file input.csv (CSV, C-alpha atoms)
chain,number,residue,atom,x,y,z
A,1,MET,CA,-57.8,-133.8,-32.6
A,2,SER,CA,-56.5,-137.4,-32.8
A,3,SER,CA,-57.2,-139.8,-30.0
A,4,THR,CA,-55.9,-143.0,-31.6
A,5,SER,CA,-53.0,-144.7,-29.7
A,6,SER,CA,-51.1,-145.9,-32.8
A,7,THR,CA,-50.8,-145.7,-36.5
A,8,THR,CA,-52.2,-148.7,-38.4
A,9,THR,CA,-50.2,-149.9,-41.4
A,10,THR,CA,-52.2,-151.4,-44.2
A,11,THR,CA,-50.6,-154.3,-46.1
A,12,GLY,CA,-51.6,-157.1,-48.3
A,13,ALA,CA,-54.2,-157.1,-51.1
A,14,ALA,CA,-57.0,-155.2,-49.3
A,15,GLU,CA,-59.1,-153.1,-51.6
A,16,GLY,CA,-59.7,-149.6,-50.7
A,17,THR,CA,-58.5,-146.0,-51.0
A,18,ARG,CA,-56.0,-143.7,-49.3
A,19,LEU,CA,-57.5,-140.3,-48.7
A,20,THR,CA,-56.4,-137.1,-47.1
A,21,LEU,CA,-59.4,-135.6,-45.3
A,22,GLU,CA,-59.6,-131.9,-44.4
A,23,ILE,CA,-61.7,-131.7,-41.2
A,24,TRP,CA,-63.2,-129.1,-39.0
A,25,HIS,CA,-65.3,-130.1,-36.0
A,26,PRO,CA,-66.6,-128.3,-32.9
A,27,ASP,CA,-64.9,-127.8,-29.6
A,28,CYS,CA,-61.4,-128.7,-30.6
A,29,TRP,CA,-58.6,-126.9,-28.9
A,30,GLY,CA,-56.1,-127.6,-31.7
A,31,LEU,CA,-58.4,-126.1,-34.4
A,32,GLN,CA,-59.1,-123.1,-32.3
A,33,ALA,CA,-55.5,-122.5,-31.4
A,34,THR,CA,-54.2,-122.8,-35.0
A,35,GLU,CA,-57.0,-120.5,-36.2
A,36,ALA,CA,-56.2,-117.8,-33.6
A,37,VAL,CA,-52.4,-118.0,-33.9
A,38,ASP,CA,-50.3,-118.4,-37.0
A,39,ALA,CA,-48.8,-121.7,-35.9
A,40,GLY,CA,-49.3,-125.4,-36.5
A,41,LEU,CA,-49.4,-128.8,-34.8
A,42,LEU,CA,-48.2,-132.3,-35.7
A,43,VAL,CA,-50.0,-135.1,-33.9
A,44,HIS,CA,-47.7,-138.0,-32.9
A,45,THR,CA,-49.1,-140.4,-30.3
A,46,VAL,CA,-52.1,-140.2,-27.9
A,47,HIS,CA,-53.5,-142.5,-25.3
A,48,ARG,CA,-56.3,-142.8,-22.9
A,49,THR,CA,-55.7,-142.4,-19.2
A,50,LEU,CA,-57.2,-144.2,-16.3
A,51,ASP,CA,-59.3,-141.1,-15.7
A,52,GLU,CA,-60.8,-141.5,-19.3
A,53,THR,CA,-59.0,-138.4,-20.5
A,54,VAL,CA,-56.7,-138.3,-23.5
A,55,LYS,CA,-53.0,-137.4,-23.3
A,56,GLY,CA,-51.2,-136.6,-26.5
A,57,HIS,CA,-47.7,-135.9,-27.7
A,58,PHE,CA,-47.6,-133.0,-30.2
A,59,THR,CA,-45.0,-130.9,-32.0
A,60,ALA,CA,-46.0,-127.2,-32.2
A,61,TYR,CA,-44.3,-125.1,-34.8
A,62,ALA,CA,-44.2,-121.4,-35.8
A,63,ASP,CA,-42.0,-118.9,-37.5
A,64,THR,CA,-40.7,-117.3,-34.4
A,65,THR,CA,-40.3,-118.0,-30.7
A,66,ALA,CA,-42.7,-115.2,-29.8
A,67,ARG,CA,-45.4,-116.6,-32.0
A,68,LEU,CA,-44.8,-120.1,-30.5
A,69,ASP,CA,-45.0,-118.7,-27.0
A,70,GLU,CA,-48.4,-117.1,-27.9
A,71,PHE,CA,-49.6,-120.4,-29.4
A,72,VAL,CA,-48.6,-122.4,-26.3
A,73,ALA,CA,-50.2,-119.9,-24.0
A,74,PHE,CA,-53.4,-120.1,-26.0
A,75,VAL,CA,-53.5,-123.9,-25.7
A,76,ASP,CA,-52.7,-123.8,-22.0
A,77,ASP,CA,-55.5,-121.2,-21.3
A,78,SER,CA,-58.0,-123.1,-23.4
A,79,PRO,CA,-61.1,-124.3,-21.5
A,80,LEU,CA,-60.9,-127.4,-23.7
A,81,THR,CA,-57.5,-128.6,-22.3
A,82,TYR,CA,-56.8,-129.9,-18.8
A,83,SER,CA,-53.0,-129.5,-18.8
A,84,THR,CA,-50.1,-128.6,-21.1
A,85,VAL,CA,-46.6,-129.7,-20.4
A,86,GLU,CA,-43.7,-128.3,-22.5
A,87,LEU,CA,-40.7,-130.5,-23.3
A,88,GLY,CA,-38.6,-127.7,-24.6
A,89,GLN,CA,-37.9,-125.8,-27.8
A,90,ARG,CA,-36.2,-127.4,-30.8
A,91,PRO,CA,-35.2,-125.2,-33.7
A,92,THR,CA,-35.0,-127.2,-36.9
A,93,GLY,CA,-32.5,-124.8,-38.5
A,94,THR,CA,-30.4,-121.7,-38.1
A,95,ALA,CA,-32.1,-119.6,-40.8
A,96,PRO,CA,-35.4,-117.8,-39.9
A,97,ASP,CA,-37.5,-120.0,-42.2
A,98,PRO,CA,-41.2,-120.6,-41.7
A,99,GLY,CA,-41.8,-123.2,-39.0
A,100,ASN,CA,-38.1,-123.2,-37.9
A,101,VAL,CA,-39.1,-123.0,-34.2
A,102,THR,CA,-40.7,-126.1,-32.7
A,103,ARG,CA,-41.7,-127.2,-29.3
A,104,GLU,CA,-42.8,-130.6,-28.0
A,105,LEU,CA,-46.0,-130.6,-26.0
A,106,PHE,CA,-48.0,-133.1,-23.9
A,107,VAL,CA,-51.6,-132.0,-23.8
A,108,GLU,CA,-54.4,-133.6,-21.8
A,109,TYR,CA,-58.0,-133.1,-22.9
A,110,ASP,CA,-61.4,-134.7,-23.1
A,111,PRO,CA,-61.9,-137.5,-25.8
A,112,GLU,CA,-65.3,-136.0,-26.6
A,113,HIS,CA,-63.4,-133.1,-28.2
A,114,SER,CA,-61.7,-135.5,-30.7
A,115,ILE,CA,-63.1,-136.8,-34.0
A,116,SER,CA,-60.7,-139.7,-34.1
A,117,ASP,CA,-62.9,-142.4,-32.5
A,118,THR,CA,-65.7,-141.5,-34.9
A,119,LEU,CA,-63.5,-141.8,-37.9
A,120,VAL,CA,-62.2,-145.2,-36.7
A,121,SER,CA,-65.7,-146.5,-35.9
A,122,HIS,CA,-66.7,-145.9,-39.5
A,123,GLY,CA,-63.6,-147.6,-41.0
A,124,PHE,CA,-61.2,-144.7,-41.6
A,125,ILE,CA,-57.8,-146.0,-40.5
A,126,HIS,CA,-55.2,-143.4,-39.4
A,127,ASP,CA,-52.4,-143.7,-42.0
A,128,ALA,CA,-49.8,-141.1,-41.0
A,129,SER,CA,-49.3,-138.1,-38.8
A,130,VAL,CA,-52.2,-135.6,-38.6
A,131,ARG,CA,-51.3,-132.0,-39.4
A,132,VAL,CA,-53.3,-129.1,-37.9
A,133,GLU,CA,-53.0,-125.7,-39.5
A,134,ALA,CA,-55.2,-122.6,-40.0
A,135,GLY,CA,-58.2,-124.1,-38.2
A,136,ALA,CA,-58.2,-127.4,-40.2
A,137,GLU,CA,-57.1,-130.9,-39.5
A,138,HIS,CA,-55.5,-132.9,-42.3
A,139,TRP,CA,-56.0,-136.6,-41.8
A,140,PRO,CA,-54.2,-139.2,-44.0
A,141,VAL,CA,-56.4,-142.3,-43.8
A,142,PHE,CA,-57.0,-145.7,-45.4
A,143,VAL,CA,-60.6,-146.8,-46.0
A,144,ALA,CA,-61.9,-150.1,-47.4
A,145,GLY,CA,-65.1,-150.3,-49.4
A,146,GLY,CA,-66.6,-148.8,-52.6
A,147,ARG,CA,-66.8,-145.1,-53.2
A,148,ALA,CA,-70.6,-144.9,-52.6
A,149,GLU,CA,-70.1,-146.6,-49.2
A,150,VAL,CA,-67.2,-144.3,-48.3
A,151,ARG,CA,-69.3,-141.3,-49.3
A,152,ASP,CA,-72.2,-142.5,-47.1
A,153,ARG,CA,-69.8,-143.0,-44.2
A,154,LEU,CA,-68.5,-139.4,-44.5
A,155,ASP,CA,-72.1,-138.1,-44.6
A,156,THR,CA,-72.8,-140.1,-41.4
A,157,ILE,CA,-69.8,-138.7,-39.7
A,158,ARG,CA,-70.8,-135.1,-40.7
A,159,ALA,CA,-74.3,-135.7,-39.2
A,160,GLU,CA,-73.0,-137.3,-36.0
A,161,THR,CA,-70.3,-134.7,-35.3
A,162,ASP,CA,-71.4,-131.5,-37.0
A,163,ALA,CA,-68.1,-131.7,-38.8
A,164,GLU,CA,-67.0,-130.0,-42.0
A,165,ILE,CA,-65.2,-132.7,-44.1
A,166,SER,CA,-63.7,-132.3,-47.6
A,167,ILE,CA,-61.3,-134.5,-49.6
A,168,SER,CA,-58.0,-132.9,-50.4
A,169,SER,CA,-56.2,-135.9,-52.0
A,170,VAL,CA,-56.9,-139.5,-53.0
A,171,ALA,CA,-54.8,-142.5,-54.2
A,172,PRO,CA,-55.2,-146.2,-54.7
A,173,ALA,CA,-54.8,-148.4,-51.6
A,174,ALA,CA,-51.5,-149.8,-53.0
A,175,ALA,CA,-49.9,-146.4,-53.2
A,176,ASP,CA,-47.7,-145.0,-50.4
A,177,SER,CA,-48.1,-141.4,-49.1
A,178,ALA,CA,-45.7,-140.0,-51.8
A,179,GLU,CA,-47.9,-141.4,-54.6
A,180,ARG,CA,-51.1,-139.6,-53.6
A,181,PHE,CA,-52.4,-137.4,-56.3
A,182,ASP,CA,-55.1,-134.8,-57.1
A,183,ARG,CA,-58.1,-136.2,-59.0
A,184,THR,CA,-59.6,-132.8,-60.0
A,185,ASP,CA,-58.5,-133.6,-63.6
A,186,ARG,CA,-61.3,-136.2,-63.6
A,187,LEU,CA,-64.0,-133.6,-63.1
A,188,THR,CA,-66.1,-132.1,-65.8
A,189,PRO,CA,-65.5,-128.4,-66.4
A,190,ARG,CA,-68.6,-127.4,-64.4
A,191,GLN,CA,-67.7,-129.7,-61.5
A,192,ARG,CA,-64.2,-128.4,-61.5
A,193,ASP,CA,-65.3,-124.8,-61.6
A,194,ALA,CA,-67.7,-125.3,-58.7
A,195,PHE,CA,-65.1,-127.3,-56.6
A,196,GLU,CA,-62.2,-124.9,-57.3
A,197,LEU,CA,-64.4,-121.8,-56.6
A,198,ALA,CA,-65.6,-123.3,-53.3
A,199,CYS,CA,-62.0,-123.8,-52.3
A,200,GLU,CA,-60.9,-120.4,-53.4
A,201,ARG,CA,-63.8,-118.7,-51.5
A,202,ASN,CA,-63.1,-120.8,-48.4
A,203,TYR,CA,-66.4,-122.5,-48.5
A,204,TYR,CA,-64.8,-125.4,-46.6
A,205,ALA,CA,-63.2,-123.2,-44.0
A,206,TRP,CA,-64.7,-122.6,-40.6
A,207,PRO,CA,-66.4,-120.4,-40.2
A,208,ARG,CA,-67.3,-120.4,-43.9
A,209,GLU,CA,-66.4,-117.3,-45.7
A,210,THR,CA,-69.1,-117.7,-48.3
A,211,SER,CA,-72.4,-119.6,-48.7
A,212,ALA,CA,-73.7,-122.1,-51.3
A,213,ARG,CA,-76.1,-119.4,-52.5
A,214,GLU,CA,-73.3,-116.9,-53.1
A,215,LEU,CA,-71.2,-119.5,-54.9
A,216,ALA,CA,-74.2,-120.4,-57.1
A,217,ALA,CA,-74.9,-116.8,-57.9
A,218,GLU,CA,-71.2,-116.3,-58.9
A,219,LEU,CA,-71.4,-119.3,-61.2
A,220,GLY,CA,-74.8,-118.4,-62.6
A,221,VAL,CA,-76.5,-121.6,-61.5
A,222,SER,CA,-79.1,-122.6,-58.9
A,223,LYS,CA,-78.1,-123.5,-55.3
A,224,THR,CA,-79.4,-127.0,-56.0
A,225,THR,CA,-77.2,-127.3,-59.1
A,226,LEU,CA,-74.2,-126.0,-57.3
A,227,LEU,CA,-74.5,-128.5,-54.4
A,228,GLU,CA,-75.0,-131.3,-56.9
A,229,HIS,CA,-71.7,-130.3,-58.7
A,230,LEU,CA,-69.9,-130.3,-55.3
A,231,ARG,CA,-71.3,-133.7,-54.3
A,232,THR,CA,-70.5,-135.2,-57.6
A,233,ALA,CA,-66.9,-133.8,-57.5
A,234,GLU,CA,-66.5,-135.4,-54.1
A,235,ALA,CA,-67.8,-138.7,-55.4
A,236,LYS,CA,-65.2,-138.6,-58.2
A,237,LEU,CA,-62.4,-137.7,-55.8
A,238,LEU,CA,-63.3,-140.8,-53.9
A,239,ASN,CA,-62.9,-143.0,-56.9
A,240,PRO,CA,-59.3,-144.0,-57.8
A,241,ASP,CA,-60.4,-145.1,-61.3
A,242,GLY,CA,-62.0,-141.7,-62.1
A,243,ASP,CA,-65.3,-143.1,-63.4
A,244,MET,CA,-68.8,-143.0,-61.9
A,245,ASP,CA,-71.5,-145.6,-61.4
call {"tool": "encode", "arguments": {"input": "input.csv", "output": "structure tokens"}}
result
Amino acid sequence: MSSTSSTTTTTGAAEGTRLTLEIWHPDCWGLQATEAVDAGLLVHTVHRTLDETVKGHFTAYADTTARLDEFVAFVDDSPLTYSTVELGQRPTGTAPDPGNVTRELFVEYDPEHSISDTLVSHGFIHDASVRVEAGAEHWPVFVAGGRAEVRDRLDTIRAETDAEISISSVAPAAADSAERFDRTDRLTPRQRDAFELACERNYYAWPRETSARELAAELGVSKTTLLEHLRTAEAKLLNPDGDMD
């Protein structure tokens, strides 16, 4: 979950990239709750308390009030949260559309159960609201530096936190959120086949629903080749110009 106290706006001529990172990491109440119950969270603001805990303001949303009740109860009962305070229910419409029931929550939890500080310490600047759905966090971030450096930073974060991190969108630093785009058209056919199959088979989900060995067998390549295709695809997704070193 997020533990940054404010959103940083990037202006000027700084060189870098805007990414949306899809993240799973251990011991996160929000990930566990959205995986167990068909509901979601928007992360608004969070801050550290004098007791060195984190208090965050969230919007929980679901299709029905009953589902939202189940979700809030799961969060409140989680051993990873200290307290949950409801601010009330706020329907966003009169028709029974998905996500039409929302509730504002204040949740207190341990900062060790957040990946935010690690992202910031490696130069990933929180760029917009974080969305948590189906056991995955979706982080819009800005990051400076070349694609090789960014790739190395992500590998370091994976090693430090046991996180599963994939890139779901990328755009030049000058683009706003509405201008982000998918770069899979820059992949070779084999890289695209490997990347799209991994997504389809929920290789990036937690727990994973397939293994690299199973993906390799389905594509008729070795495990080493499959992993190289996936890493190269990530490298290209990190490059706003679409070419490689």
call {"tool": "residues_near_point", "arguments": {"input": "input.csv", "point": "(-54.7, -117.5, -34.5)", "cutoff": "12 Å", "atoms": "only C-alpha atoms", "output": "PyMOL selection string"}}
result
chain A and resi 29-40+62+67-68+70-75+133-136
call {"tool": "atom_distance", "arguments": {"input": "input.csv", "atom1": "CA of Leu119 (chain A)", "atom2": "CA of Arg103 (chain A)"}}
result
27.6 Å
call {"tool": "closest_residue", "arguments": {"input": "input.csv", "among": "A:Ser222, A:Tyr204, A:Leu230, A:Glu209", "to": "Ile165 (chain A)", "atoms": "all atoms listed in the file"}}
result
A:Tyr204
call {"tool": "residues_around", "arguments": {"input": "input.csv", "residues": "Ser166 (chain A)", "least_positions_apart": "5", "cutoff": "10 Å", "atoms": "all atoms listed in the file", "output": "MDAnalysis selection string"}}
result
chainID A and resid 20:24 138 154 199 204:205 234 237
call {"tool": "residues_near_point", "arguments": {"input": "input.csv", "point": "(-42.8, -135.0, -37.0)", "cutoff": "8 Å", "atoms": "all atoms listed in the file", "output": "list of chain:residue names"}}
result
A:Leu42, A:Val43, A:His44, A:Thr59, A:Ser129
call {"tool": "closest_atom_pairs", "arguments": {"input": "input.csv", "of": "region 109-215 of chain A", "to": "region 81-85 of chain A", "cutoff": "10 Å", "atoms": "all atoms listed in the file", "output": "Markdown table"}}
result
| residue | atom | partner | partner_atom | distance |
| --- | --- | --- | --- | --- |
| A:Tyr109 | CA | A:Thr81 | CA | 4.6 |
| A:Asp110 | CA | A:Thr81 | CA | 7.3 |
| A:His113 | CA | A:Thr81 | CA | 9.5 |
call {"tool": "residues_around", "arguments": {"input": "input.csv", "residues": "Leu19 (chain A)", "least_positions_apart": "4", "cutoff": "8 Å", "atoms": "all atoms listed in the file", "output": "PyMOL selection string"}}
result
chain A and resi 139-143+167-171+238
call {"tool": "write_last_selection", "arguments": {"input": "input.csv", "atoms": "C-alpha atoms", "output": "PDB file, in the coordinates of the input"}}
result
ATOM      1  CA  TRP A 139     -56.000-136.600 -41.800  1.00  0.00           C
ATOM      2  CA  PRO A 140     -54.200-139.200 -44.000  1.00  0.00           C
ATOM      3  CA  VAL A 141     -56.400-142.300 -43.800  1.00  0.00           C
ATOM      4  CA  PHE A 142     -57.000-145.700 -45.400  1.00  0.00           C
ATOM      5  CA  VAL A 143     -60.600-146.800 -46.000  1.00  0.00           C
ATOM      6  CA  ILE A 167     -61.300-134.500 -49.600  1.00  0.00           C
ATOM      7  CA  SER A 168     -58.000-132.900 -50.400  1.00  0.00           C
ATOM      8  CA  SER A 169     -56.200-135.900 -52.000  1.00  0.00           C
ATOM      9  CA  VAL A 170     -56.900-139.500 -53.000  1.00  0.00           C
ATOM     10  CA  ALA A 171     -54.800-142.500 -54.200  1.00  0.00           C
ATOM     11  CA  LEU A 238     -63.300-140.800 -53.900  1.00  0.00           C
TER      12      LEU A 238
END
call {"tool": "residues_around", "arguments": {"input": "input.csv", "residues": "Thr210 (chain A)", "least_positions_apart": "5", "cutoff": "12 Å", "atoms": "all atoms listed in the file", "output": "list of chain:residue names"}}
result
A:Leu197, A:Ala198, A:Cys199, A:Glu200, A:Arg201, A:Asn202, A:Tyr203, A:Tyr204, A:Ala205, A:Leu215, A:Ala216, A:Ala217, A:Glu218
call {"tool": "atom_distance", "arguments": {"input": "input.csv", "atom1": "CA of Glu160 (chain A)", "atom2": "CA of Pro26 (chain A)"}}
result
11.5 Å
call {"tool": "closest_residue", "arguments": {"input": "input.csv", "among": "A:Gly56, A:Gly145, A:Gly16, A:Gly220", "to": "Val107 (chain A)", "atoms": "all atoms listed in the file"}}
result
A:Gly56
call {"tool": "atom_distance", "arguments": {"input": "input.csv", "atom1": "CA of Asp162 (chain A)", "atom2": "CA of Asp27 (chain A)"}}
result
10.5 Å
call {"tool": "closest_residue", "arguments": {"input": "input.csv", "among": "A:Leu87, A:Cys28, A:Val120, A:Leu227", "to": "Glu214 (chain A)", "atoms": "only C-alpha atoms"}}
result
A:Leu227
call {"tool": "closest_residue", "arguments": {"input": "input.csv", "among": "A:His229, A:His126, A:Arg158, A:His25", "to": "Ser114 (chain A)", "atoms": "all atoms listed in the file"}}
result
A:His25
call {"tool": "closest_residue", "arguments": {"input": "input.csv", "among": "A:Arg153, A:Arg208, A:Arg147, A:Arg192", "to": "Ala235 (chain A)", "atoms": "all atoms listed in the file"}}
result
A:Arg147
call {"tool": "build_atoms", "arguments": {"input": "input.csv", "residues": "region 205-216 of chain A", "atoms": "all heavy atoms", "output": "mmCIF file, in the coordinates of the input"}}
result
data_model
loop_
_atom_site.group_PDB
_atom_site.id
_atom_site.type_symbol
_atom_site.label_atom_id
_atom_site.label_comp_id
_atom_site.auth_asym_id
_atom_site.auth_seq_id
_atom_site.Cartn_x
_atom_site.Cartn_y
_atom_site.Cartn_z
ATOM 1 N N ALA A 205 -63.870 -123.683 -45.223
ATOM 2 C CA ALA A 205 -63.200 -123.200 -44.000
ATOM 3 C C ALA A 205 -64.293 -123.074 -42.893
ATOM 4 O O ALA A 205 -65.492 -123.191 -43.125
ATOM 5 C CB ALA A 205 -62.625 -121.808 -44.257
ATOM 6 N N TRP A 206 -63.806 -122.869 -41.686
ATOM 7 C CA TRP A 206 -64.700 -122.600 -40.600
ATOM 8 C C TRP A 206 -64.285 -121.396 -39.792
ATOM 9 O O TRP A 206 -63.154 -121.349 -39.344
ATOM 10 C CB TRP A 206 -64.784 -123.820 -39.619
ATOM 11 C CG TRP A 206 -65.857 -123.596 -38.585
ATOM 12 C CD1 TRP A 206 -65.703 -123.099 -37.324
ATOM 13 C CD2 TRP A 206 -67.246 -123.832 -38.745
ATOM 14 N NE1 TRP A 206 -66.899 -123.018 -36.680
ATOM 15 C CE2 TRP A 206 -67.877 -123.457 -37.530
ATOM 16 C CE3 TRP A 206 -68.040 -124.295 -39.787
ATOM 17 C CZ2 TRP A 206 -69.237 -123.557 -37.341
ATOM 18 C CZ3 TRP A 206 -69.403 -124.405 -39.575
ATOM 19 C CH2 TRP A 206 -69.981 -124.030 -38.363
ATOM 20 N N PRO A 207 -65.119 -120.400 -39.606
ATOM 21 C CA PRO A 207 -66.400 -120.400 -40.200
ATOM 22 C C PRO A 207 -66.341 -120.142 -41.725
ATOM 23 O O PRO A 207 -65.364 -119.580 -42.221
ATOM 24 C CB PRO A 207 -67.120 -119.160 -39.534
ATOM 25 C CG PRO A 207 -65.976 -118.281 -39.156
ATOM 26 C CD PRO A 207 -64.831 -119.190 -38.797
ATOM 27 N N ARG A 208 -67.347 -120.580 -42.454
ATOM 28 C CA ARG A 208 -67.300 -120.400 -43.900
ATOM 29 C C ARG A 208 -67.300 -118.943 -44.261
ATOM 30 O O ARG A 208 -67.953 -118.122 -43.633
ATOM 31 C CB ARG A 208 -68.600 -121.045 -44.500
ATOM 32 C CG ARG A 208 -68.525 -122.563 -44.590
ATOM 33 C CD ARG A 208 -69.796 -123.141 -45.158
ATOM 34 N NE ARG A 208 -69.637 -124.574 -45.413
ATOM 35 C CZ ARG A 208 -70.642 -125.391 -45.682
ATOM 36 N NH1 ARG A 208 -71.883 -124.923 -45.706
ATOM 37 N NH2 ARG A 208 -70.417 -126.668 -45.908
ATOM 38 N N GLU A 209 -66.514 -118.648 -45.297
ATOM 39 C CA GLU A 209 -66.400 -117.300 -45.700
ATOM 40 C C GLU A 209 -67.335 -116.954 -46.893
ATOM 41 O O GLU A 209 -67.349 -115.829 -47.391
ATOM 42 C CB GLU A 209 -64.944 -116.970 -46.119
ATOM 43 C CG GLU A 209 -64.001 -117.078 -44.939
ATOM 44 C CD GLU A 209 -62.567 -116.728 -45.283
ATOM 45 O OE1 GLU A 209 -62.336 -116.185 -46.382
ATOM 46 O OE2 GLU A 209 -61.691 -116.989 -44.452
ATOM 47 N N THR A 210 -68.087 -117.950 -47.313
ATOM 48 C CA THR A 210 -69.100 -117.700 -48.300
ATOM 49 C C THR A 210 -70.174 -118.794 -48.150
ATOM 50 O O THR A 210 -70.003 -119.739 -47.371
ATOM 51 C CB THR A 210 -68.479 -117.856 -49.756
ATOM 52 O OG1 THR A 210 -69.436 -117.432 -50.730
ATOM 53 C CG2 THR A 210 -68.053 -119.287 -50.062
ATOM 54 N N SER A 211 -71.277 -118.646 -48.844
ATOM 55 C CA SER A 211 -72.400 -119.600 -48.700
ATOM 56 C C SER A 211 -72.594 -120.290 -50.076
ATOM 57 O O SER A 211 -72.115 -119.829 -51.126
ATOM 58 C CB SER A 211 -73.669 -118.893 -48.328
ATOM 59 O OG SER A 211 -74.098 -118.018 -49.362
ATOM 60 N N ALA A 212 -73.325 -121.389 -50.049
ATOM 61 C CA ALA A 212 -73.700 -122.100 -51.300
ATOM 62 C C ALA A 212 -74.458 -121.168 -52.213
ATOM 63 O O ALA A 212 -74.274 -121.184 -53.441
ATOM 64 C CB ALA A 212 -74.432 -123.360 -50.988
ATOM 65 N N ARG A 213 -75.318 -120.361 -51.651
ATOM 66 C CA ARG A 213 -76.100 -119.400 -52.500
ATOM 67 C C ARG A 213 -75.220 -118.411 -53.181
ATOM 68 O O ARG A 213 -75.419 -118.101 -54.362
ATOM 69 C CB ARG A 213 -77.144 -118.726 -51.588
ATOM 70 C CG ARG A 213 -78.196 -117.923 -52.368
ATOM 71 C CD ARG A 213 -79.212 -117.310 -51.412
ATOM 72 N NE ARG A 213 -79.865 -118.348 -50.614
ATOM 73 C CZ ARG A 213 -80.893 -119.069 -51.054
ATOM 74 N NH1 ARG A 213 -81.372 -118.865 -52.274
ATOM 75 N NH2 ARG A 213 -81.446 -119.971 -50.265
ATOM 76 N N GLU A 214 -74.211 -117.900 -52.461
ATOM 77 C CA GLU A 214 -73.300 -116.900 -53.100
ATOM 78 C C GLU A 214 -72.438 -117.572 -54.157
ATOM 79 O O GLU A 214 -72.194 -116.972 -55.211
ATOM 80 C CB GLU A 214 -72.412 -116.315 -51.979
ATOM 81 C CG GLU A 214 -73.171 -115.372 -51.051
ATOM 82 C CD GLU A 214 -72.348 -114.982 -49.842
ATOM 83 O OE1 GLU A 214 -71.492 -115.774 -49.394
ATOM 84 O OE2 GLU A 214 -72.565 -113.862 -49.321
ATOM 85 N N LEU A 215 -71.983 -118.802 -53.914
ATOM 86 C CA LEU A 215 -71.200 -119.500 -54.900
ATOM 87 C C LEU A 215 -72.072 -119.758 -56.176
ATOM 88 O O LEU A 215 -71.606 -119.591 -57.307
ATOM 89 C CB LEU A 215 -70.715 -120.851 -54.390
ATOM 90 C CG LEU A 215 -69.622 -120.805 -53.328
ATOM 91 C CD1 LEU A 215 -69.336 -122.216 -52.813
ATOM 92 C CD2 LEU A 215 -68.354 -120.174 -53.867
ATOM 93 N N ALA A 216 -73.327 -120.168 -55.953
ATOM 94 C CA ALA A 216 -74.200 -120.400 -57.100
ATOM 95 C C ALA A 216 -74.455 -119.168 -57.895
ATOM 96 O O ALA A 216 -74.440 -119.201 -59.135
ATOM 97 C CB ALA A 216 -75.556 -120.975 -56.549
#
